[in-house]
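Remarks on the structure that follows.
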Protein chains: 2
Amino acid sequence: MATRTDAPTRREQILKEAARLFAERGFHGVGVDEIGAAVGISGPGLYRHFAGKDAMLAELLVGISGQLLTGARRRVAEAGDAAPDALLDSLIEGHIDFALDDRPLITLHDRELDRLPGGDRKLVRQLQRQYVELWVEVVRRLYPALAEPAARATVHAVFGLLNSTPHLGRPGRTATAELLHRMARGAFAAAVG
Amino acid sequence: MATRTDAPTRREQILKEAARLFAERGFHGVGVDEIGAAVGISGPGLYRHFAGKDAMLAELLVGISGQLLTGARRRVAEAGDAAPDALLDSLIEGHIDFALDDRPLITLHDRELDRLPGGDRKLVRQLQRQYVELWVEVVRRLYPALAEPAARATVHAVFGLLNSTPHLGRPGRTATAELLHRMARGAFAAAVG
DNA sequence: CTCCCTTGTTAATGAGCGTTAACACGTATG
DNA sequence: CATACGTGTTAACGCTCATTAACAAGGGAG
(Lines give C-alpha, C1' and ligand atoms only; values in the text may rest on other atoms or scores of the structure.)
Protein backbone atom coordinates (compact mmCIF):
# COMPACT_ATOMS: atom_id res chain seq x y z
CA MET A 1 0.00 0.00 0.00
CA ALA A 2 2.92 2.42 0.57
CA THR A 3 0.87 4.65 2.84
CA ARG A 4 2.13 8.23 2.99
CA THR A 5 2.58 10.00 6.24
CA ASP A 6 4.27 13.16 4.98
CA ALA A 7 2.22 16.26 4.27
CA PRO A 8 0.81 16.61 0.77
CA THR A 9 2.78 18.87 -1.50
CA ARG A 10 1.23 22.03 -2.88
CA ARG A 11 0.84 20.47 -6.30
CA GLU A 12 -1.09 17.60 -4.77
CA GLN A 13 -3.35 19.94 -2.83
CA ILE A 14 -4.14 21.81 -6.02
CA LEU A 15 -4.83 18.65 -7.98
CA LYS A 16 -7.14 17.33 -5.30
CA GLU A 17 -9.19 20.51 -5.05
CA ALA A 18 -9.24 20.96 -8.81
CA ALA A 19 -10.57 17.42 -9.19
CA ARG A 20 -13.34 18.09 -6.72
CA LEU A 21 -14.33 21.35 -8.36
CA PHE A 22 -14.15 19.99 -11.90
CA ALA A 23 -16.34 17.07 -10.88
CA GLU A 24 -18.87 19.35 -9.20
CA ARG A 25 -19.26 22.02 -11.83
CA GLY A 26 -17.44 20.86 -14.93
CA PHE A 27 -14.10 21.94 -16.33
CA HIS A 28 -15.38 25.11 -17.96
CA GLY A 29 -17.57 25.82 -14.96
CA VAL A 30 -14.78 26.59 -12.50
CA GLY A 31 -12.34 29.46 -12.72
CA VAL A 32 -8.70 29.48 -11.76
CA ASP A 33 -9.50 31.93 -8.96
CA GLU A 34 -11.76 29.36 -7.34
CA ILE A 35 -9.16 26.64 -7.57
CA GLY A 36 -6.62 28.97 -6.04
CA ALA A 37 -8.99 30.01 -3.28
CA ALA A 38 -9.61 26.35 -2.44
CA VAL A 39 -5.93 25.94 -1.51
CA GLY A 40 -5.51 29.38 0.02
CA ILE A 41 -3.67 31.20 -2.74
CA SER A 42 -4.75 33.49 -5.51
CA GLY A 43 -5.65 32.50 -9.06
CA PRO A 44 -2.47 33.44 -10.89
CA GLY A 45 -0.45 31.83 -8.11
CA LEU A 46 -1.37 28.49 -9.62
CA TYR A 47 0.87 29.23 -12.57
CA ARG A 48 3.92 28.66 -10.36
CA HIS A 49 2.90 24.99 -10.24
CA PHE A 50 1.12 24.30 -13.52
CA ALA A 51 1.46 25.58 -17.04
CA GLY A 52 -2.26 26.33 -17.15
CA LYS A 53 -5.72 25.07 -16.43
CA ASP A 54 -5.50 22.50 -19.22
CA ALA A 55 -2.35 21.07 -17.69
CA MET A 56 -4.16 20.38 -14.41
CA LEU A 57 -6.93 18.47 -16.14
CA ALA A 58 -4.40 16.59 -18.24
CA GLU A 59 -2.37 15.51 -15.23
CA LEU A 60 -5.52 14.40 -13.44
CA LEU A 61 -6.87 12.33 -16.32
CA VAL A 62 -3.54 10.78 -17.27
CA GLY A 63 -2.97 9.97 -13.62
CA ILE A 64 -6.34 8.32 -13.20
CA SER A 65 -6.12 6.22 -16.34
CA GLY A 66 -2.56 5.21 -15.61
CA GLN A 67 -3.31 4.31 -12.01
CA LEU A 68 -6.27 2.15 -12.99
CA LEU A 69 -4.28 0.37 -15.68
CA THR A 70 -1.20 -0.13 -13.52
CA GLY A 71 -3.25 -1.52 -10.65
CA ALA A 72 -5.08 -3.90 -12.95
CA ARG A 73 -1.85 -5.15 -14.49
CA ARG A 74 -0.37 -5.74 -11.08
CA ARG A 75 -3.39 -7.80 -10.12
CA VAL A 76 -3.13 -9.84 -13.29
CA ALA A 77 0.55 -10.48 -12.60
CA GLU A 78 -0.07 -11.43 -8.99
CA ALA A 79 -2.83 -13.81 -10.01
CA GLY A 80 -0.39 -15.86 -12.07
CA ASP A 81 -2.29 -18.85 -13.40
CA ALA A 82 -4.88 -18.78 -10.65
CA ALA A 83 -8.53 -19.28 -11.50
CA PRO A 84 -9.88 -16.48 -13.72
CA ASP A 85 -12.76 -16.37 -11.32
CA ALA A 86 -10.55 -15.06 -8.52
CA LEU A 87 -8.81 -12.69 -10.93
CA LEU A 88 -12.10 -11.10 -11.97
CA ASP A 89 -12.96 -10.64 -8.30
CA SER A 90 -9.64 -8.92 -7.83
CA LEU A 91 -10.22 -6.56 -10.74
CA ILE A 92 -13.68 -5.70 -9.48
CA GLU A 93 -12.33 -5.06 -6.02
CA GLY A 94 -9.64 -2.75 -7.32
CA HIS A 95 -12.07 -0.74 -9.41
CA ILE A 96 -14.52 -0.42 -6.54
CA ASP A 97 -11.79 0.75 -4.17
CA PHE A 98 -10.86 3.43 -6.62
CA ALA A 99 -14.45 4.47 -7.29
CA LEU A 100 -15.22 4.71 -3.59
CA ASP A 101 -12.04 6.47 -2.50
CA ASP A 102 -11.80 8.97 -5.34
CA ARG A 103 -15.32 9.72 -6.43
CA PRO A 104 -14.45 13.05 -8.05
CA LEU A 105 -11.76 11.41 -10.14
CA ILE A 106 -14.02 8.62 -11.33
CA THR A 107 -16.49 11.28 -12.39
CA LEU A 108 -13.91 13.25 -14.36
CA HIS A 109 -12.58 10.13 -15.94
CA ASP A 110 -15.55 9.58 -18.25
CA ARG A 111 -16.90 13.10 -18.36
CA GLU A 112 -14.21 15.63 -19.22
CA LEU A 113 -12.05 13.63 -21.58
CA ASP A 114 -13.01 15.77 -24.55
CA ARG A 115 -11.83 19.00 -22.92
CA LEU A 116 -8.25 17.76 -23.20
CA PRO A 117 -5.70 19.05 -25.73
CA GLY A 118 -5.12 16.60 -28.56
CA GLY A 119 -1.95 14.81 -27.48
CA ASP A 120 -3.06 14.14 -23.94
CA ARG A 121 -6.49 13.09 -25.07
CA LYS A 122 -4.98 10.47 -27.31
CA LEU A 123 -2.83 9.16 -24.47
CA VAL A 124 -5.72 8.92 -22.05
CA ARG A 125 -7.87 7.17 -24.62
CA GLN A 126 -5.08 4.69 -25.18
CA LEU A 127 -4.76 3.94 -21.48
CA GLN A 128 -8.50 3.58 -21.10
CA ARG A 129 -8.66 1.23 -24.07
CA GLN A 130 -5.92 -0.96 -22.65
CA TYR A 131 -7.74 -1.10 -19.34
CA VAL A 132 -10.93 -2.19 -21.04
CA GLU A 133 -9.13 -4.80 -23.14
CA LEU A 134 -7.51 -6.24 -20.06
CA TRP A 135 -10.91 -6.73 -18.48
CA VAL A 136 -12.31 -8.16 -21.71
CA GLU A 137 -9.59 -10.80 -21.83
CA VAL A 138 -10.22 -11.89 -18.26
CA VAL A 139 -13.97 -11.97 -18.78
CA ARG A 140 -13.64 -14.03 -21.94
CA ARG A 141 -11.35 -16.47 -20.20
CA LEU A 142 -14.01 -16.95 -17.54
CA TYR A 143 -16.98 -16.93 -19.94
CA PRO A 144 -15.76 -18.34 -23.26
CA ALA A 145 -19.33 -18.37 -24.54
CA LEU A 146 -19.28 -14.57 -24.68
CA ALA A 147 -18.31 -13.17 -28.09
CA GLU A 148 -15.82 -10.33 -28.05
CA PRO A 149 -18.17 -7.44 -28.96
CA ALA A 150 -20.66 -8.63 -26.36
CA ALA A 151 -17.87 -8.98 -23.80
CA ARG A 152 -16.73 -5.43 -24.45
CA ALA A 153 -20.25 -4.07 -24.13
CA THR A 154 -20.68 -6.04 -20.92
CA VAL A 155 -17.49 -4.61 -19.46
CA HIS A 156 -18.56 -1.06 -20.30
CA ALA A 157 -21.93 -1.65 -18.71
CA VAL A 158 -20.32 -2.99 -15.53
CA PHE A 159 -18.09 0.09 -15.43
CA GLY A 160 -21.23 2.17 -15.57
CA LEU A 161 -22.57 0.20 -12.64
CA LEU A 162 -19.42 0.50 -10.55
CA ASN A 163 -18.94 4.18 -11.41
CA SER A 164 -22.35 5.04 -10.01
CA THR A 165 -20.71 5.63 -6.63
CA PRO A 166 -21.04 9.43 -6.85
CA HIS A 167 -24.83 9.00 -6.84
CA LEU A 168 -24.83 6.67 -3.85
CA GLY A 169 -25.33 7.54 -0.22
CA ARG A 170 -22.67 6.81 2.37
CA PRO A 171 -24.17 3.97 4.40
CA GLY A 172 -21.02 2.09 5.29
CA ARG A 173 -18.15 1.72 2.90
CA THR A 174 -17.70 -2.03 3.16
CA ALA A 175 -21.42 -2.70 2.79
CA THR A 176 -21.52 -0.58 -0.37
CA ALA A 177 -18.40 -2.25 -1.72
CA GLU A 178 -19.84 -5.70 -1.16
CA LEU A 179 -23.16 -4.77 -2.72
CA LEU A 180 -21.50 -3.41 -5.84
CA HIS A 181 -19.26 -6.43 -6.05
CA ARG A 182 -22.18 -8.84 -5.90
CA MET A 183 -24.10 -6.83 -8.48
CA ALA A 184 -21.15 -6.76 -10.86
CA ARG A 185 -20.72 -10.53 -10.64
CA GLY A 186 -24.44 -11.00 -11.12
CA ALA A 187 -24.42 -8.76 -14.17
CA PHE A 188 -21.52 -10.66 -15.73
CA ALA A 189 -23.15 -14.01 -15.06
CA ALA A 190 -26.43 -12.80 -16.56
CA ALA A 191 -24.68 -11.41 -19.63
CA VAL A 192 -23.84 -14.87 -20.93
CA GLY A 193 -27.55 -15.72 -20.82
CA MET B 1 -47.06 5.65 -29.44
CA ALA B 2 -48.59 8.73 -31.15
CA THR B 3 -45.99 8.73 -33.90
CA ARG B 4 -45.49 12.14 -35.47
CA THR B 5 -45.45 12.57 -39.17
CA ASP B 6 -45.41 16.36 -39.33
CA ALA B 7 -42.13 18.22 -39.66
CA PRO B 8 -40.33 19.13 -36.46
CA THR B 9 -40.84 22.69 -35.34
CA ARG B 10 -37.93 25.08 -35.10
CA ARG B 11 -37.92 24.86 -31.33
CA GLU B 12 -37.62 21.11 -31.54
CA GLN B 13 -34.77 21.30 -34.01
CA ILE B 14 -32.92 23.64 -31.69
CA LEU B 15 -33.51 21.45 -28.66
CA LYS B 16 -32.30 18.38 -30.47
CA GLU B 17 -29.10 19.97 -31.71
CA ALA B 18 -28.47 21.67 -28.39
CA ALA B 19 -28.83 18.33 -26.63
CA ARG B 20 -26.30 16.74 -28.94
CA LEU B 21 -23.81 19.55 -28.54
CA PHE B 22 -24.22 19.80 -24.77
CA ALA B 23 -23.67 16.07 -24.46
CA GLU B 24 -20.57 16.20 -26.64
CA ARG B 25 -18.78 19.16 -25.17
CA GLY B 26 -20.61 20.16 -22.02
CA PHE B 27 -22.97 23.06 -21.40
CA HIS B 28 -20.26 25.66 -20.97
CA GLY B 29 -18.29 24.16 -23.81
CA VAL B 30 -20.67 25.14 -26.61
CA GLY B 31 -21.56 28.64 -27.67
CA VAL B 32 -24.89 29.94 -28.86
CA ASP B 33 -23.38 30.57 -32.28
CA GLU B 34 -22.65 26.87 -32.65
CA ILE B 35 -26.17 25.90 -31.66
CA GLY B 36 -27.55 28.39 -34.12
CA ALA B 37 -25.26 27.17 -36.89
CA ALA B 38 -26.41 23.60 -36.25
CA VAL B 39 -29.96 24.57 -37.25
CA GLY B 40 -28.99 27.02 -39.97
CA ILE B 41 -29.55 30.32 -38.22
CA SER B 42 -27.27 32.72 -36.41
CA GLY B 43 -26.54 32.79 -32.69
CA PRO B 44 -28.76 35.65 -31.58
CA GLY B 45 -31.55 34.26 -33.74
CA LEU B 46 -32.07 31.64 -31.04
CA TYR B 47 -33.43 34.32 -28.75
CA ARG B 48 -36.63 34.41 -30.82
CA HIS B 49 -37.35 30.92 -29.51
CA PHE B 50 -35.73 30.74 -26.08
CA ALA B 51 -35.11 33.22 -23.30
CA GLY B 52 -31.47 32.21 -23.19
CA LYS B 53 -29.03 29.36 -23.11
CA ASP B 54 -30.07 28.38 -19.61
CA ALA B 55 -33.67 28.06 -20.75
CA MET B 56 -32.69 25.52 -23.39
CA LEU B 57 -30.90 23.34 -20.87
CA ALA B 58 -33.78 23.70 -18.44
CA GLU B 59 -36.36 22.63 -20.99
CA LEU B 60 -34.22 19.66 -21.98
CA LEU B 61 -33.68 18.42 -18.44
CA VAL B 62 -37.24 18.98 -17.27
CA GLY B 63 -38.46 17.24 -20.41
CA ILE B 64 -36.23 14.24 -19.88
CA SER B 65 -37.06 13.79 -16.22
CA GLY B 66 -40.75 14.28 -16.85
CA GLN B 67 -40.81 11.89 -19.75
CA LEU B 68 -39.05 9.17 -17.78
CA LEU B 69 -41.35 9.60 -14.80
CA THR B 70 -44.52 9.75 -16.90
CA GLY B 71 -43.57 6.65 -18.85
CA ALA B 72 -42.79 4.75 -15.66
CA ARG B 73 -46.09 5.76 -14.07
CA ARG B 74 -47.98 4.65 -17.14
CA ARG B 75 -46.30 1.27 -16.97
CA VAL B 76 -47.14 0.90 -13.31
CA ALA B 77 -50.76 1.76 -14.03
CA GLU B 78 -50.97 -0.64 -16.96
CA ALA B 79 -49.49 -3.42 -14.86
CA GLY B 80 -52.38 -3.23 -12.42
CA ASP B 81 -51.90 -6.02 -9.90
CA ALA B 82 -49.80 -8.15 -12.21
CA ALA B 83 -46.67 -9.86 -10.95
CA PRO B 84 -44.03 -7.34 -9.82
CA ASP B 85 -41.64 -9.43 -11.82
CA ALA B 86 -43.29 -8.41 -15.09
CA LEU B 87 -43.55 -4.81 -13.92
CA LEU B 88 -39.83 -4.60 -13.24
CA ASP B 89 -39.19 -5.97 -16.71
CA SER B 90 -41.44 -3.27 -18.10
CA LEU B 91 -39.60 -0.51 -16.24
CA ILE B 92 -36.25 -1.83 -17.42
CA GLU B 93 -37.48 -2.01 -20.98
CA GLY B 94 -38.73 1.56 -20.87
CA HIS B 95 -35.50 2.90 -19.48
CA ILE B 96 -33.43 1.01 -22.04
CA ASP B 97 -35.57 2.28 -24.91
CA PHE B 98 -34.98 5.81 -23.72
CA ALA B 99 -31.26 5.31 -23.16
CA LEU B 100 -30.80 3.79 -26.61
CA ASP B 101 -32.97 6.22 -28.56
CA ASP B 102 -31.83 9.43 -26.91
CA ARG B 103 -28.24 8.91 -25.88
CA PRO B 104 -27.41 12.60 -25.72
CA LEU B 105 -30.32 13.22 -23.41
CA ILE B 106 -29.42 10.38 -21.08
CA THR B 107 -25.94 11.84 -20.88
CA LEU B 108 -27.17 15.31 -20.01
CA HIS B 109 -29.61 13.94 -17.50
CA ASP B 110 -27.01 13.03 -14.91
CA ARG B 111 -24.21 15.34 -15.99
CA GLU B 112 -25.40 18.92 -16.38
CA LEU B 113 -27.97 19.12 -13.63
CA ASP B 114 -25.87 21.51 -11.60
CA ARG B 115 -25.64 24.08 -14.40
CA LEU B 116 -29.33 24.78 -13.97
CA PRO B 117 -30.81 27.90 -12.33
CA GLY B 118 -32.14 27.20 -8.85
CA GLY B 119 -35.85 26.78 -9.48
CA ASP B 120 -35.51 24.44 -12.41
CA ARG B 121 -32.82 22.44 -10.67
CA LYS B 122 -35.15 21.82 -7.77
CA LEU B 123 -37.91 20.68 -10.09
CA VAL B 124 -35.67 18.29 -11.98
CA ARG B 125 -34.30 16.85 -8.78
CA GLN B 126 -37.83 16.29 -7.58
CA LEU B 127 -38.81 14.46 -10.76
CA GLN B 128 -35.68 12.35 -10.62
CA ARG B 129 -36.30 11.48 -6.99
CA GLN B 130 -39.85 10.39 -7.73
CA TYR B 131 -38.61 8.23 -10.58
CA VAL B 132 -36.08 6.56 -8.31
CA GLU B 133 -38.64 6.02 -5.55
CA LEU B 134 -41.02 4.43 -8.02
CA TRP B 135 -38.34 1.90 -8.97
CA VAL B 136 -37.44 1.34 -5.34
CA GLU B 137 -41.02 0.44 -4.49
CA VAL B 138 -41.26 -2.06 -7.32
CA VAL B 139 -37.91 -3.60 -6.46
CA ARG B 140 -38.82 -3.97 -2.82
CA ARG B 141 -42.12 -5.58 -3.72
CA LEU B 142 -40.20 -8.13 -5.74
CA TYR B 143 -37.34 -8.56 -3.26
CA PRO B 144 -38.74 -7.92 0.24
CA ALA B 145 -35.46 -9.03 1.75
CA LEU B 146 -33.80 -5.87 0.44
CA ALA B 147 -33.73 -3.03 2.97
CA GLU B 148 -34.69 0.38 1.64
CA PRO B 149 -31.24 2.04 1.60
CA ALA B 150 -29.79 -1.00 -0.12
CA ALA B 151 -32.66 -1.02 -2.60
CA ARG B 152 -32.05 2.64 -3.43
CA ALA B 153 -28.35 2.06 -3.92
CA THR B 154 -29.12 -0.94 -6.10
CA VAL B 155 -31.46 1.09 -8.28
CA HIS B 156 -28.86 3.83 -8.72
CA ALA B 157 -26.25 1.26 -9.68
CA VAL B 158 -28.57 -0.31 -12.25
CA PHE B 159 -29.22 3.15 -13.70
CA GLY B 160 -25.47 3.51 -14.07
CA LEU B 161 -25.42 0.21 -15.91
CA LEU B 162 -28.28 1.09 -18.24
CA ASN B 163 -27.01 4.61 -18.87
CA SER B 164 -23.71 3.28 -20.16
CA THR B 165 -25.21 3.23 -23.67
CA PRO B 166 -23.22 6.25 -24.86
CA HIS B 167 -20.03 4.22 -24.35
CA LEU B 168 -21.33 1.22 -26.25
CA GLY B 169 -20.85 0.36 -29.91
CA ARG B 170 -23.81 -0.02 -32.27
CA PRO B 171 -23.89 -3.78 -32.90
CA GLY B 172 -27.61 -4.25 -33.30
CA ARG B 173 -30.11 -2.39 -31.23
CA THR B 174 -32.21 -5.35 -30.11
CA ALA B 175 -29.15 -7.39 -29.17
CA THR B 176 -27.82 -4.53 -27.04
CA ALA B 177 -31.22 -4.01 -25.44
CA GLU B 178 -31.52 -7.66 -24.54
CA LEU B 179 -28.00 -7.80 -23.15
CA LEU B 180 -28.59 -4.78 -20.93
CA HIS B 181 -31.92 -6.19 -19.80
CA ARG B 182 -30.39 -9.50 -18.78
CA MET B 183 -27.55 -7.75 -16.97
CA ALA B 184 -29.94 -5.49 -15.06
CA ARG B 185 -32.00 -8.45 -13.91
CA GLY B 186 -28.87 -10.32 -12.94
CA ALA B 187 -27.61 -7.32 -10.97
CA PHE B 188 -30.88 -7.02 -9.08
CA ALA B 189 -30.97 -10.70 -8.29
CA ALA B 190 -27.39 -10.63 -7.06
CA ALA B 191 -28.04 -7.57 -4.91
CA VAL B 192 -30.21 -9.53 -2.49
CA GLY B 193 -27.28 -11.88 -1.90
C1' DC C 1 -53.32 47.68 -49.94
C1' DT C 2 -51.74 48.11 -45.35
C1' DC C 3 -50.41 46.60 -40.77
C1' DC C 4 -48.15 44.01 -37.82
C1' DC C 5 -46.44 39.75 -36.08
C1' DT C 6 -42.99 36.37 -36.78
C1' DT C 7 -38.45 35.30 -37.62
C1' DG C 8 -34.34 36.52 -39.14
C1' DT C 9 -29.91 39.51 -39.67
C1' DT C 10 -25.51 42.15 -38.14
C1' DA C 11 -23.30 45.32 -34.84
C1' DA C 12 -22.49 46.63 -30.22
C1' DT C 13 -22.15 45.92 -25.24
C1' DG C 14 -20.48 44.23 -21.14
C1' DA C 15 -19.02 40.74 -18.17
C1' DG C 16 -16.06 36.81 -17.15
C1' DC C 17 -11.94 34.52 -17.44
C1' DG C 18 -7.26 32.55 -18.63
C1' DT C 19 -2.94 34.29 -18.86
C1' DT C 20 1.07 37.39 -18.41
C1' DA C 21 3.68 41.30 -16.30
C1' DA C 22 5.76 43.54 -12.64
C1' DC C 23 6.84 43.43 -8.20
C1' DA C 24 7.74 41.54 -3.09
C1' DC C 25 9.39 38.58 0.51
C1' DG C 26 11.64 34.64 2.86
C1' DT C 27 15.24 31.39 2.80
C1' DA C 28 19.07 28.43 1.62
C1' DT C 29 23.62 28.84 -0.55
C1' DG C 30 28.00 30.51 -1.86
C1' DC D 1 26.53 39.59 3.49
C1' DA D 2 24.98 39.04 -1.09
C1' DT D 3 22.58 36.44 -4.50
C1' DA D 4 19.36 33.62 -6.54
C1' DC D 5 15.36 31.02 -6.32
C1' DG D 6 10.86 29.56 -4.94
C1' DT D 7 6.44 31.18 -4.14
C1' DG D 8 3.29 34.56 -3.58
C1' DT D 9 0.78 39.11 -4.66
C1' DT D 10 -2.06 42.64 -7.51
C1' DA D 11 -2.87 44.97 -11.96
C1' DA D 12 -3.52 44.75 -16.71
C1' DC D 13 -4.39 42.59 -21.29
C1' DG D 14 -7.01 40.27 -24.64
C1' DC D 15 -10.26 37.11 -26.01
C1' DT D 16 -14.54 34.65 -25.76
C1' DC D 17 -19.23 34.74 -25.29
C1' DA D 18 -24.11 35.55 -23.76
C1' DT D 19 -27.16 39.01 -24.41
C1' DT D 20 -29.39 43.22 -26.36
C1' DA D 21 -30.23 46.85 -29.96
C1' DA D 22 -31.50 48.24 -34.31
C1' DC D 23 -33.02 47.04 -38.44
C1' DA D 24 -35.16 44.04 -42.52
C1' DA D 25 -38.12 40.90 -45.08
C1' DG D 26 -42.17 37.89 -45.64
C1' DG D 27 -46.89 36.77 -45.12
C1' DG D 28 -51.59 36.53 -43.17
C1' DA D 29 -55.66 39.48 -41.32
C1' DG D 30 -58.55 43.21 -41.72
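FYI, nothing fancy with the C-alpha coordinates labels: chains A, B, ... in order, residues from 1 per chain, ligands from 1 as they appear.
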Taking every C-alpha atom in sequence order, what RMSD separates chain A from chain B after the best least-squares fit?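 The RMSD between chain A and chain B over C-alpha atoms is 0.1 Å.
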Quick one: contact table of chain B to chain C, 10 Å max, nearest atom pair and distance in Å to one decimal per residue, counting only C-alpha atoms (C1' of nucleotides), chain and number order, as a Markdown table?
```
| residue | atom | partner | partner_atom | distance |
| --- | --- | --- | --- | --- |
| B:Ile41 | CA | C:DG8 | C1' | 7.9 |
| B:Ser42 | CA | C:DT9 | C1' | 8.0 |
| B:Pro44 | CA | C:DT9 | C1' | 9.0 |
| B:Gly45 | CA | C:DG8 | C1' | 6.5 |
| B:Leu46 | CA | C:DG8 | C1' | 9.7 |
| B:Arg48 | CA | C:DT7 | C1' | 7.1 |
| B:His49 | CA | C:DT7 | C1' | 9.3 |
```
With distances taken over only C-alpha atoms, which of B:His95, B:Arg11, B:His28, B:Arg74 is nearest to B:His181?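 Once distances to B:His181 are computed over only C-alpha atoms, the minimum belongs to B:His95.
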Taking only C-alpha atoms (C1' of nucleotides) into account, what are the residues of chain D at most 9 Å from chain B, put as a VMD selection string? chain D and resid 17 to 19
Distance criterion (only C-alpha atoms): nearest to chain A out of B:Gln128, B:Thr174, B:Ser164, B:Thr70: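 Ranking B:Gln128, B:Thr174, B:Ser164, B:Thr70 by distance to chain A, first place goes to B:Ser164.
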Expressed in Å, the length from atom CA of A:Ile35 to atom CA of A:Ile106 is 19.0 Å
